[in-house]
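Student: For reference, the file structure_31.cif (mmCIF, C-alpha atoms and all ligand atoms) is included below:
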```cif
data_work
loop_
_atom_site.group_PDB
_atom_site.id
_atom_site.type_symbol
_atom_site.label_atom_id
_atom_site.label_comp_id
_atom_site.auth_asym_id
_atom_site.auth_seq_id
_atom_site.Cartn_x
_atom_site.Cartn_y
_atom_site.Cartn_z
ATOM 1 C CA MET A 26 31.368 -134.578 75.073
ATOM 2 C CA ALA A 27 28.140 -133.907 76.831
ATOM 3 C CA ARG A 28 27.523 -137.597 77.037
ATOM 4 C CA HIS A 29 25.223 -138.358 79.920
ATOM 5 C CA THR A 30 26.255 -141.158 82.195
ATOM 6 C CA GLN A 31 25.503 -142.005 85.814
ATOM 7 C CA VAL A 32 28.787 -140.326 86.690
ATOM 8 C CA THR A 33 27.824 -137.052 84.992
ATOM 9 C CA SER A 34 24.414 -136.869 86.692
ATOM 10 C CA ARG A 35 25.938 -137.717 90.087
ATOM 11 C CA PHE A 36 28.592 -135.055 89.462
ATOM 12 C CA LYS A 37 25.969 -132.432 88.618
ATOM 13 C CA SER A 38 23.662 -133.185 91.533
ATOM 14 C CA ALA A 39 26.637 -133.180 93.934
ATOM 15 C CA ARG A 40 27.584 -129.712 92.678
ATOM 16 C CA ARG A 41 24.004 -128.569 93.077
ATOM 17 C CA LYS A 42 23.827 -129.786 96.671
ATOM 18 C CA ASP A 43 27.126 -128.045 97.459
ATOM 19 C CA GLY A 44 25.648 -124.833 96.057
ATOM 20 C CA ALA A 45 28.481 -124.829 93.470
ATOM 21 C CA ALA A 46 26.352 -125.028 90.353
ATOM 22 C CA ALA A 47 28.185 -122.158 88.610
ATOM 23 C CA CYS A 48 30.253 -122.544 85.453
ATOM 24 C CA GLU A 49 33.779 -123.412 86.531
ATOM 25 C CA ALA A 50 35.261 -121.280 83.773
ATOM 26 C CA CYS A 51 33.243 -118.038 83.791
ATOM 27 C CA GLY A 52 31.149 -118.291 86.961
ATOM 28 C CA TRP A 53 27.788 -117.957 85.223
ATOM 29 C CA LYS A 54 24.855 -119.851 86.712
ATOM 30 C CA PRO A 55 21.220 -120.150 85.737
ATOM 31 C CA PRO A 56 19.251 -117.438 87.600
ATOM 32 C CA ASP A 57 16.903 -118.604 90.336
ATOM 33 C CA GLY A 58 14.090 -116.903 88.421
ATOM 34 C CA LEU A 59 14.059 -119.816 85.995
ATOM 35 C CA ARG A 60 12.141 -121.728 88.620
ATOM 36 C CA GLU A 61 9.493 -119.009 88.712
ATOM 37 C CA ALA A 62 9.400 -118.953 84.926
ATOM 38 C CA GLY A 63 8.256 -122.539 85.009
ATOM 39 C CA GLN A 64 11.733 -123.931 84.298
ATOM 40 C CA ARG A 65 11.921 -126.339 87.185
ATOM 41 C CA ASP A 66 15.159 -127.773 85.972
ATOM 42 C CA GLY A 67 17.384 -124.719 85.518
ATOM 43 C CA HIS A 68 20.352 -126.887 86.476
ATOM 44 C CA LYS A 69 19.861 -128.907 83.299
ATOM 45 C CA ILE A 70 21.174 -125.884 81.422
ATOM 46 C CA MET A 71 24.585 -126.588 82.933
ATOM 47 C CA HIS A 72 26.734 -129.213 81.227
ATOM 48 C CA ALA A 73 29.148 -131.754 82.653
ATOM 49 C CA HIS A 74 31.978 -131.834 80.105
ATOM 50 C CA HIS A 75 34.573 -134.600 79.791
ATOM 51 C CA VAL A 76 37.961 -132.853 79.667
ATOM 52 C CA VAL A 77 39.526 -135.773 77.830
ATOM 53 C CA PRO A 78 36.633 -137.059 75.691
ATOM 54 C CA LEU A 79 35.419 -140.585 76.296
ATOM 55 C CA ALA A 80 36.005 -141.170 72.586
ATOM 56 C CA CYS A 81 39.710 -140.378 73.130
ATOM 57 C CA GLY A 82 39.980 -142.804 76.017
ATOM 58 C CA GLY A 83 39.154 -140.261 78.731
ATOM 59 C CA PRO A 84 37.860 -141.885 81.925
ATOM 60 C CA ASP A 85 34.247 -141.431 83.032
ATOM 61 C CA VAL A 86 35.228 -140.177 86.507
ATOM 62 C CA SER A 87 34.540 -136.885 88.241
ATOM 63 C CA VAL A 88 38.177 -135.676 88.030
ATOM 64 C CA ASN A 89 37.774 -135.778 84.243
ATOM 65 C CA LEU A 90 34.587 -133.687 84.442
ATOM 66 C CA VAL A 91 34.121 -129.953 84.504
ATOM 67 C CA LEU A 92 30.851 -128.088 85.025
ATOM 68 C CA LEU A 93 30.380 -125.574 82.219
ATOM 69 C CA CYS A 94 27.696 -123.169 81.038
ATOM 70 C CA PRO A 95 26.455 -123.792 77.462
ATOM 71 C CA ASN A 96 28.648 -120.981 76.117
ATOM 72 C CA CYS A 97 31.883 -122.219 77.695
ATOM 73 C CA HIS A 98 30.941 -125.755 76.726
ATOM 74 C CA ALA A 99 30.640 -124.740 73.062
ATOM 75 C CA LEU A 100 34.030 -122.991 73.326
ATOM 76 C CA ALA A 101 35.614 -126.050 74.943
ATOM 77 C CA HIS A 102 34.549 -128.159 71.971
ATOM 78 C CA ARG A 103 35.683 -125.526 69.497
ATOM 79 C CA LEU A 104 39.098 -125.428 71.183
ATOM 80 C CA GLY A 105 39.245 -129.193 70.844
ATOM 81 C CA ARG A 106 38.731 -129.058 67.099
ATOM 82 C CA MET A 107 41.544 -126.571 66.579
ATOM 83 C CA THR A 108 44.225 -129.223 66.458
ATOM 84 C CA LEU A 109 44.818 -132.603 64.924
ATOM 85 C CA THR A 110 47.978 -133.486 66.806
ATOM 86 C CA GLY A 111 49.009 -134.591 70.263
ATOM 87 C CA ALA A 112 48.271 -137.403 72.651
ATOM 88 C CA TYR A 113 44.587 -136.524 72.765
ATOM 89 C CA PRO A 114 43.929 -135.406 69.209
ATOM 90 C CA GLU A 115 40.935 -133.324 70.281
ATOM 91 C CA TYR A 116 42.457 -131.550 73.249
ATOM 92 C CA ALA A 117 46.185 -131.339 72.810
ATOM 93 C CA TRP A 118 46.268 -127.874 71.265
ATOM 94 C CA ALA A 119 48.124 -125.314 73.395
ATOM 95 C CA GLY A 120 48.577 -128.090 75.913
ATOM 96 C CA ALA A 121 44.966 -127.843 77.098
ATOM 97 C CA ALA A 122 44.857 -131.565 77.801
ATOM 98 C CA THR A 123 44.102 -131.298 81.503
ATOM 99 C CA ARG A 124 41.234 -129.859 83.482
ATOM 100 C CA ASP A 125 43.307 -126.900 84.770
ATOM 101 C CA GLU A 126 44.677 -126.125 81.328
ATOM 102 C CA LEU A 127 41.232 -126.204 79.757
ATOM 103 C CA LEU A 128 39.852 -123.893 82.462
ATOM 104 C CA ALA A 129 42.827 -121.535 82.045
ATOM 105 C CA GLU A 130 42.143 -121.320 78.295
ATOM 106 C CA LEU A 131 38.429 -120.664 78.782
ATOM 107 C CA ARG A 132 39.102 -118.020 81.446
ATOM 108 C CA MET A 133 41.597 -116.269 79.189
ATOM 109 C CA ILE A 134 39.032 -116.196 76.361
ATOM 110 C CA GLU A 135 36.498 -114.803 78.835
ATOM 111 C CA ASN A 136 38.707 -112.221 80.552
ATOM 112 C CA GLU A 137 41.400 -111.297 78.020
ATOM 113 C CA PRO A 138 39.976 -112.073 74.572
ATOM 114 C CA ASP A 139 42.407 -109.733 72.764
ATOM 115 C CA ARG A 140 45.447 -111.272 74.431
ATOM 116 C CA TRP A 141 44.123 -114.735 73.663
ATOM 117 C CA SER A 142 43.544 -113.863 69.994
ATOM 118 C CA GLU A 143 47.029 -112.379 69.694
ATOM 119 C CA ARG A 144 48.570 -115.477 71.204
ATOM 120 C CA MET A 145 46.551 -117.695 68.867
ATOM 121 C CA LYS A 146 47.666 -115.696 65.814
ATOM 122 C CA ARG A 147 51.304 -115.876 66.939
ATOM 123 C CA GLN A 148 51.010 -119.605 67.547
ATOM 124 C CA ARG A 149 49.516 -120.228 64.112
ATOM 125 C CA ALA A 150 52.274 -118.164 62.464
ATOM 126 C CA GLU A 151 54.941 -120.138 64.360
ATOM 127 C CA GLU A 152 53.337 -123.415 63.294
ATOM 128 C CA ALA A 153 53.245 -122.292 59.664
ATOM 129 C CA ALA A 154 56.920 -121.237 59.820
ATOM 130 C CA ALA A 155 57.909 -124.585 61.345
ATOM 131 C CA ALA A 156 55.968 -126.450 58.651
ATOM 132 C CA ARG A 157 57.701 -124.390 55.957
ATOM 133 C CA ALA A 158 61.151 -125.095 57.451
ATOM 134 C CA ALA A 159 60.358 -128.826 57.619
ATOM 135 C CA ARG A 160 59.267 -128.832 53.971
ATOM 136 C CA ILE A 161 62.465 -127.068 52.871
ATOM 137 C CA ALA A 162 64.576 -129.547 54.878
ATOM 138 C CA GLU A 163 62.722 -132.432 53.183
ATOM 139 C CA GLU A 164 63.391 -130.977 49.745
ATOM 140 C CA GLU A 165 67.052 -130.477 50.623
ATOM 141 C CA LYS A 166 67.321 -134.096 51.717
ATOM 142 C CA ALA A 167 65.665 -135.350 48.534
ATOM 143 C CA ALA A 168 67.971 -133.207 46.373
ATOM 144 C CA LYS A 169 71.203 -134.366 48.053
ATOM 145 C CA PRO A 170 71.773 -137.740 46.279
ATOM 146 C CA ARG A 171 71.097 -136.085 42.922
ATOM 147 C CA ARG A 172 73.598 -133.333 43.721
ATOM 148 C CA GLU A 173 76.203 -135.901 44.757
ATOM 149 C CA LEU A 174 75.765 -137.858 41.534
ATOM 150 C CA ILE A 175 76.152 -134.687 39.493
ATOM 151 C CA ALA A 176 79.311 -133.828 41.461
ATOM 152 C CA VAL A 177 80.803 -137.273 40.642
ATOM 153 C CA LEU A 178 79.994 -136.851 36.945
ATOM 154 C CA ILE A 179 81.538 -133.394 36.888
ATOM 155 C CA SER A 180 84.689 -134.597 38.639
ATOM 156 C CA SER A 181 85.015 -137.453 36.135
ATOM 157 C CA LEU A 182 84.943 -134.899 33.318
ATOM 158 C CA ASP A 183 87.787 -133.095 35.063
ATOM 159 C CA ALA A 184 89.891 -136.284 35.091
ATOM 160 C CA PRO A 185 90.799 -137.030 31.455
ATOM 161 C CA ASN A 186 92.607 -140.223 32.458
ATOM 162 C CA VAL A 187 89.447 -141.914 33.628
ATOM 163 C CA LEU A 188 88.128 -142.921 30.205
ATOM 164 C CA PRO A 189 91.430 -144.139 28.704
ATOM 165 C CA ALA A 190 92.153 -146.014 31.931
ATOM 166 C CA ALA A 191 88.748 -147.672 31.783
ATOM 167 C CA ARG A 192 89.253 -148.597 28.131
ATOM 168 C CA LYS A 193 92.618 -150.144 28.917
ATOM 169 C CA HIS A 194 91.073 -152.094 31.755
ATOM 170 C CA LEU A 195 88.295 -153.451 29.519
ATOM 171 C CA LYS A 196 90.768 -154.370 26.757
ATOM 172 C CA GLY A 197 92.904 -156.182 29.293
ATOM 173 C CA ARG A 198 89.909 -158.271 30.348
ATOM 174 C CA HIS A 199 89.035 -159.180 26.736
ATOM 175 C CA SER A 200 92.515 -160.199 25.729
ATOM 176 C CA GLY A 201 93.344 -161.900 28.962
ATOM 177 C CA GLY A 202 92.814 -165.662 29.276
ATOM 178 C CA ARG A 203 93.209 -166.358 25.568
HETATM 179 ZN ZN ZN B 1 31.539 -131.680 76.220
HETATM 180 ZN ZN ZN B 2 30.896 -120.400 81.401
#
```
Could I get this file's structure written as structure tokens?
Ligand SMILES: [Zn+2]
Ligand SMILES: [Zn+2]
Tutor:
Amino acid sequence: MARHTQVTSRFKSARRKDGAAACEACGWKPPDGLREAGQRDGHKIMHAHHVVPLACGGPDVSVNLVLLCPNCHALAHRLGRMTLTGAYPEYAWAGAATRDELLAELRMIENEPDRWSERMKRQRAEEAAAARAARIAEEEKAAKPRRELIAVLISSLDAPNVLPAARKHLKGRHSGGR
């Protein structure tokens, strides 16, 4: 989230003083000309992003922050919404739950978009196949008791002595004790 806290503004001004105000993923930085264009605060264009969102229990500390340009920031949030599973529901997809993993994902999108798209397609197909296999296994499990019952019924039909034996047993109980 681009939630502004004292930590995020300290983080951003520290980066500015170090001359490291560029996007950590793609290297873009606001051009100096913004100052001349009357945009005194070009640095405000840059965003301090919480790798693990505060809403997911991420800590408000600088190691959980990454300086991103608006484009990479939008991508980071889009990546987060691509999954609903994992320890950090927003960021667990493809294991991009840490700062380094998030940056690696963003850099791959930036530098090798085709490779990234291919990998994403493959991953989605694998997930769909796994979901299908799990569904089939569930159906198998649900069908098993029914199949077993049918097998018992069929085997009782094959054993002609079962019914007479049961009849004899019942008769014995009725006549007994009198
Ligand atoms: Zn953010
Ligand atoms: Zn960027």
Student: So which residues are near ligand ZN 2 (chain B), meaning at most 6 Å away with all atoms listed in the file counted, given back as a PDB file with C-alpha atoms, in the frame of the given file?
Tutor:
```
ATOM      1  CA  CYS A  48      30.253-122.544  85.453  1.00  0.00           C
ATOM      2  CA  ALA A  50      35.261-121.280  83.773  1.00  0.00           C
ATOM      3  CA  CYS A  51      33.243-118.038  83.791  1.00  0.00           C
ATOM      4  CA  GLY A  52      31.149-118.291  86.961  1.00  0.00           C
ATOM      5  CA  TRP A  53      27.788-117.957  85.223  1.00  0.00           C
ATOM      6  CA  LEU A  93      30.380-125.574  82.219  1.00  0.00           C
ATOM      7  CA  CYS A  94      27.696-123.169  81.038  1.00  0.00           C
ATOM      8  CA  ASN A  96      28.648-120.981  76.117  1.00  0.00           C
ATOM      9  CA  CYS A  97      31.883-122.219  77.695  1.00  0.00           C
TER      10      CYS A  97
END
```
Student: Have a look at CA of Arg40 in chain A and CA of Trp141 in chain A and let me know their distance in Å, one decimal.
Tutor: 29.3 Å
Student: Evaluate the PyMOL selection byres (((not hetatm)) within 12 of (chain B and resi 1)) here and jot the selected residues down as an mmCIF file with C-alpha atoms, keeping the file's coordinate frame.
Tutor:
```
data_model
loop_
_atom_site.group_PDB
_atom_site.id
_atom_site.type_symbol
_atom_site.label_atom_id
_atom_site.label_comp_id
_atom_site.auth_asym_id
_atom_site.auth_seq_id
_atom_site.Cartn_x
_atom_site.Cartn_y
_atom_site.Cartn_z
ATOM 1 C CA MET A 26 31.368 -134.578 75.073
ATOM 2 C CA ALA A 27 28.140 -133.907 76.831
ATOM 3 C CA ARG A 28 27.523 -137.597 77.037
ATOM 4 C CA HIS A 29 25.223 -138.358 79.920
ATOM 5 C CA THR A 33 27.824 -137.052 84.992
ATOM 6 C CA MET A 71 24.585 -126.588 82.933
ATOM 7 C CA HIS A 72 26.734 -129.213 81.227
ATOM 8 C CA ALA A 73 29.148 -131.754 82.653
ATOM 9 C CA HIS A 74 31.978 -131.834 80.105
ATOM 10 C CA HIS A 75 34.573 -134.600 79.791
ATOM 11 C CA VAL A 76 37.961 -132.853 79.667
ATOM 12 C CA VAL A 77 39.526 -135.773 77.830
ATOM 13 C CA PRO A 78 36.633 -137.059 75.691
ATOM 14 C CA LEU A 79 35.419 -140.585 76.296
ATOM 15 C CA ALA A 80 36.005 -141.170 72.586
ATOM 16 C CA GLY A 83 39.154 -140.261 78.731
ATOM 17 C CA ASN A 89 37.774 -135.778 84.243
ATOM 18 C CA LEU A 90 34.587 -133.687 84.442
ATOM 19 C CA VAL A 91 34.121 -129.953 84.504
ATOM 20 C CA LEU A 92 30.851 -128.088 85.025
ATOM 21 C CA LEU A 93 30.380 -125.574 82.219
ATOM 22 C CA CYS A 94 27.696 -123.169 81.038
ATOM 23 C CA PRO A 95 26.455 -123.792 77.462
ATOM 24 C CA ASN A 96 28.648 -120.981 76.117
ATOM 25 C CA CYS A 97 31.883 -122.219 77.695
ATOM 26 C CA HIS A 98 30.941 -125.755 76.726
ATOM 27 C CA ALA A 99 30.640 -124.740 73.062
ATOM 28 C CA LEU A 100 34.030 -122.991 73.326
ATOM 29 C CA ALA A 101 35.614 -126.050 74.943
ATOM 30 C CA HIS A 102 34.549 -128.159 71.971
ATOM 31 C CA ARG A 103 35.683 -125.526 69.497
ATOM 32 C CA LEU A 104 39.098 -125.428 71.183
ATOM 33 C CA GLY A 105 39.245 -129.193 70.844
ATOM 34 C CA ARG A 106 38.731 -129.058 67.099
ATOM 35 C CA GLU A 115 40.935 -133.324 70.281
ATOM 36 C CA TYR A 116 42.457 -131.550 73.249
ATOM 37 C CA LEU A 127 41.232 -126.204 79.757
#
```
Student: Can you measure CA of Glu135 in chain A to CA of Lys54 in chain A for me? One decimal in Å is fine.
Tutor: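 We find that CA of Glu135 in chain A and CA of Lys54 in chain A lie 14.9 Å from each other.
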Student: Enter the distance from CA of Ala153 in chain A to CA of Pro170 in chain A, in Å, rounded to one decimal.
Tutor: 27.6 Å
Student: Under the PyMOL selection byres (((chain A and resi 41) around 12) and not hetatm), which residues of this model are included? Write them out as a PDB file with C-alpha atoms, in the frame of the given file.
Tutor:
```
ATOM      1  CA  SER A  34      24.414-136.869  86.692  1.00  0.00           C
ATOM      2  CA  ARG A  35      25.938-137.717  90.087  1.00  0.00           C
ATOM      3  CA  PHE A  36      28.592-135.055  89.462  1.00  0.00           C
ATOM      4  CA  LYS A  37      25.969-132.432  88.618  1.00  0.00           C
ATOM      5  CA  SER A  38      23.662-133.185  91.533  1.00  0.00           C
ATOM      6  CA  ALA A  39      26.637-133.180  93.934  1.00  0.00           C
ATOM      7  CA  ARG A  40      27.584-129.712  92.678  1.00  0.00           C
ATOM      8  CA  LYS A  42      23.827-129.786  96.671  1.00  0.00           C
ATOM      9  CA  ASP A  43      27.126-128.045  97.459  1.00  0.00           C
ATOM     10  CA  GLY A  44      25.648-124.833  96.057  1.00  0.00           C
ATOM     11  CA  ALA A  45      28.481-124.829  93.470  1.00  0.00           C
ATOM     12  CA  ALA A  46      26.352-125.028  90.353  1.00  0.00           C
ATOM     13  CA  ALA A  47      28.185-122.158  88.610  1.00  0.00           C
ATOM     14  CA  CYS A  48      30.253-122.544  85.453  1.00  0.00           C
ATOM     15  CA  LYS A  54      24.855-119.851  86.712  1.00  0.00           C
ATOM     16  CA  PRO A  55      21.220-120.150  85.737  1.00  0.00           C
ATOM     17  CA  ASP A  66      15.159-127.773  85.972  1.00  0.00           C
ATOM     18  CA  GLY A  67      17.384-124.719  85.518  1.00  0.00           C
ATOM     19  CA  HIS A  68      20.352-126.887  86.476  1.00  0.00           C
ATOM     20  CA  LYS A  69      19.861-128.907  83.299  1.00  0.00           C
ATOM     21  CA  MET A  71      24.585-126.588  82.933  1.00  0.00           C
ATOM     22  CA  LEU A  92      30.851-128.088  85.025  1.00  0.00           C
TER      23      LEU A  92
END
```
Student: Would you mind telling me which residue in A:Ala158, A:Ile175, A:Met145, A:Val32 lies nearest to Asp85 in chain A when using only C-alpha atoms?
Tutor: A:Val32
Student: Name the closest residue to Leu131 in chain A among the candidates A:Ala168, A:Glu49, A:Arg160, A:Gln31; distances are taken between atoms, counting only C-alpha atoms.
Tutor: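 Using only C-alpha atoms, the shortest distance to Leu131 in chain A belongs to A:Glu49.
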